[in-house]
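All remarks here apply to the structure that follows.
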Amino acid sequence: MKNDLDMKSDTENEEDGTMSTESADVRPAESTDARPAGAQQPTHHHPQPSQRTQPSHHHGHALAGILGPAFVAAVAYVDPGNVAANITSGARYGYLLVWVLVLANCMSVLIQYQSAKLGIVTGKSLPEILGERLGDAGRFMFFMQAEVIAIATDLAEVIGGAIALKLLFGLPLFVGGCIIGAVSTVLLIFEKGATHRIFEKLIIGLLLVITFGFIAGLFIAPPNPKEVVAGLIPRFKGTDTVLMATSMLGATVMLGATVMPHAIYLHSTLVNDHYAPGEAKPSVKKLLHGSKIDVAWALILAGSVNLALLILAANSLYGMTGTDTIEGAQRAIQHVLGPVIGTIFSIGLLASSLSSTSVGTYAGSEIMHGLLRIKAPMWACRVVTLVPALVVLWFANNPTEALIVGQVVLSVGIPFAIIPLMRYTHDRTLMGEYVDGPVKHVVNIAVAALIVALNVVLIVLTMLGKA
């Protein structure tokens with residue numbers, strides 16, 4: 001019995017590509033999950049009491065080594081477009097739609113984990129799997145819609161950064177857009193290979209700056225907790241609040257049930273790029289466990305930032321006009337809470353732009369690689385998504401208006417990301433023993449159907465001029 005278990009452990013170590021010294025702490029424990037309580041676990045020797053505490057320390061270090069990819073994906077949920085929309089919602093409707101953000105955040109956690117799970121189990125990204133299963137024409141058409149989505153996403157991110165630089169330093173919008181493009185290109189130098197962990201740390205650092213920049217105002221003007229809790233009760237107040245909630249649960253604002261299509265495509269890549277080529281990985285089971293924690297922490301942080309923005313606006317800007325643009329929102333915050341908070345907000349907006357536009361370009365590169373099997377230089381991908389934003393900054397009198405069109409385009413792309421994701425995580429030939437069970441699959445389908453329906457409503461209402 002002991003020899004059989006030892007041979008099984010060795011075989012699993014070879015399949016997982018892990019070092020035998022690491023697996024000795026992990027794999028036997030997994031192979032005995034079904035043992036009766038009190039059953040002896042086979043070992044090669046009897047460790048001293050002081051040695052028996054080492055696996056718990058090893059477990060903690062292993063978990064810390066898994067965290068990171070979800071935090072990179074989470075910046076998609078705090079981009080400049082979401083910032084303006086959350087403040088507009090709070091300024092118009094107070095705490096009425098707090099429950100929408102909470103619901104959206106719960107759905108985003110589910111879908112981002114599904115993307116991570118697909119990447120961990122298959123070792124491939126969602127675009128790669130699509131590229132393998134679609135014909136040549138299908139791959140090209142799918143790439144075209146995904147690239148349009150990437151461009152529409154980058155539009156909001158670059159414009160937001162240009163506005164932040166104008167607010168902070170008085171720079172022309174076009175010059176600010178060029179600076180955002182240049183700095184984000186430098187950040188992308190670190191996104192592959194042995195330096196990928198550096199890229200993750202840079203993005204997480206920017207995410208922390210975003211968090212401080214957007215919640216600082218709450219320390220100056222704390223909200224009424226009772227009013228915030230009352231906002232958790234699902235309700236509407238007129239047709240316009242229904243439209244805003246539809247928008248928030250759809251593509252334009254918030255984490256809207258997975259919000260950004262490029263975050264779905266990219267997360268399945270990030271979980272594999274987290275490890276340098278040739279670097280030992282934990283077992284699939286450990287990676288999935290760590291990814292659950294990674295996704296939960298990252299999106300709770302992103303959700304808290306968005307919720308803080310809405311609460312800040314509801315508490316300090318309620319009833320004020322002119323908050324439906326990024327510049328207008330910053331001016332309103334500065335007028336009510338003072339120039340220091342206004343400046344901190346602008347710094348948060350700048351960090352939001354730099355991080356989200358870098359991640360968006362990264363996603364575009366991986367989409368091209370997976371669907372067209374072309375590994376283009378990162379600077380070329382950066383130019384493709386940057387040029388349209390610079391054109392808008394040069395010619396548009398009010399660049400924020402361009403975000404409306406970009407948000408509708410974003411809505412069109414969401415079903416193309418969610419539906420294949422749900423299908424593949426329920427495909428046993430791909431997922432093996434980690435395939436979604438019937439109950440979870442039904443929940444996933446329900447969430448996907450809700451998101452798609454809301455985005456269809458949003459698109460129709462926008463075309464009719466009612467959104």
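Just remember, in the structure tokens the first chain shown is A, the second B, etc., residues are 1-based per chain, and ligands are 1-based in the order shown.
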
Using only C-alpha atoms, which residues of region 76-190 of chain A come within 9 Å of region 311-326 of chain A, and what is the closest atom pair for each, with the distance in Å to one decimal? Give it as CSV, sorted by chain and residue number.
```
residue,atom,partner,partner_atom,distance
A:Pro80,CA,A:Ile326,CA,7.7
A:Gly81,CA,A:Ile326,CA,8.2
A:Val83,CA,A:Ile326,CA,7.6
A:Ala84,CA,A:Ile326,CA,5.2
A:Ala85,CA,A:Asp324,CA,7.0
A:Asn86,CA,A:Ala313,CA,8.0
A:Ile87,CA,A:Ala313,CA,5.2
A:Thr88,CA,A:Asp324,CA,5.2
A:Ser89,CA,A:Ala313,CA,7.8
A:Gly90,CA,A:Ala314,CA,4.2
A:Ala91,CA,A:Tyr318,CA,4.1
A:Arg92,CA,A:Gly319,CA,5.8
A:Tyr93,CA,A:Ala314,CA,7.2
A:Gly94,CA,A:Ala314,CA,4.1
A:Tyr95,CA,A:Ala314,CA,5.8
A:Leu96,CA,A:Ala314,CA,8.9
A:Val98,CA,A:Ile311,CA,8.0
A:Gly160,CA,A:Ile326,CA,7.3
A:Ile163,CA,A:Ile326,CA,7.6
A:Ala164,CA,A:Ile326,CA,8.8
```

Could you build a table of the residues in region 53-140 of chain A lying no more than 9 Å from region 361-380 of chain A, giving for each the nearest pair of atoms and their separation in Å rounded to one decimal place, using only C-alpha atoms, ordered by chain and ascending residue number, as JSON lines?
```
{"residue": "A:Lys124", "atom": "CA", "partner": "A:Gly370", "partner_atom": "CA", "distance": 9.0}
{"residue": "A:Ser125", "atom": "CA", "partner": "A:Gly370", "partner_atom": "CA", "distance": 7.3}
{"residue": "A:Leu126", "atom": "CA", "partner": "A:Gly370", "partner_atom": "CA", "distance": 7.8}
{"residue": "A:Pro127", "atom": "CA", "partner": "A:Gly370", "partner_atom": "CA", "distance": 4.6}
{"residue": "A:Glu128", "atom": "CA", "partner": "A:Gly370", "partner_atom": "CA", "distance": 3.9}
{"residue": "A:Ile129", "atom": "CA", "partner": "A:Gly370", "partner_atom": "CA", "distance": 7.5}
{"residue": "A:Leu130", "atom": "CA", "partner": "A:Leu371", "partner_atom": "CA", "distance": 6.7}
{"residue": "A:Gly131", "atom": "CA", "partner": "A:Leu371", "partner_atom": "CA", "distance": 4.4}
{"residue": "A:Glu132", "atom": "CA", "partner": "A:Leu371", "partner_atom": "CA", "distance": 7.9}
{"residue": "A:Leu134", "atom": "CA", "partner": "A:Leu371", "partner_atom": "CA", "distance": 8.7}
{"residue": "A:Asp136", "atom": "CA", "partner": "A:Leu372", "partner_atom": "CA", "distance": 8.6}
{"residue": "A:Arg139", "atom": "CA", "partner": "A:Leu371", "partner_atom": "CA", "distance": 5.5}
{"residue": "A:Phe140", "atom": "CA", "partner": "A:Leu372", "partner_atom": "CA", "distance": 6.9}
```

Kindly give the distance, in Å, that separates CA of Asn224 (chain A) and CA of Val109 (chain A), rounded to a single decimal.
->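 Atom-to-atom, CA of Asn224 (chain A) to CA of Val109 (chain A), that is 27.5 Å.
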
Restricting the calculation to only C-alpha atoms, which member of A:Leu410, A:Ile198, A:Leu288, A:Leu165 is positioned closest to Phe345 (chain A)?
->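 The closest residue to Phe345 (chain A) is A:Leu165.
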
Could you give me, as a Markdown table, a per-residue list for region 311-393 of chain A showing, wherever an atom lies at most 8 Å from an atom of region 176-193 of chain A, the closest pair of atoms and their distance in Å to one decimal, using only C-alpha atoms and sorting by chain then residue number from low to high?
```
| residue | atom | partner | partner_atom | distance |
| --- | --- | --- | --- | --- |
| A:Ser353 | CA | A:Ile180 | CA | 7.7 |
| A:Leu354 | CA | A:Ser184 | CA | 5.8 |
| A:Ser355 | CA | A:Ser184 | CA | 7.5 |
| A:Thr357 | CA | A:Ser184 | CA | 6.9 |
| A:Ser358 | CA | A:Ser184 | CA | 5.2 |
| A:Tyr362 | CA | A:Leu188 | CA | 7.4 |
| A:Met378 | CA | A:Leu188 | CA | 7.2 |
| A:Trp379 | CA | A:Thr185 | CA | 6.5 |
| A:Arg382 | CA | A:Thr185 | CA | 6.8 |
| A:Leu386 | CA | A:Gly181 | CA | 6.6 |
| A:Ala389 | CA | A:Gly177 | CA | 7.7 |
| A:Leu390 | CA | A:Gly177 | CA | 6.2 |
| A:Leu393 | CA | A:Gly177 | CA | 7.4 |
```
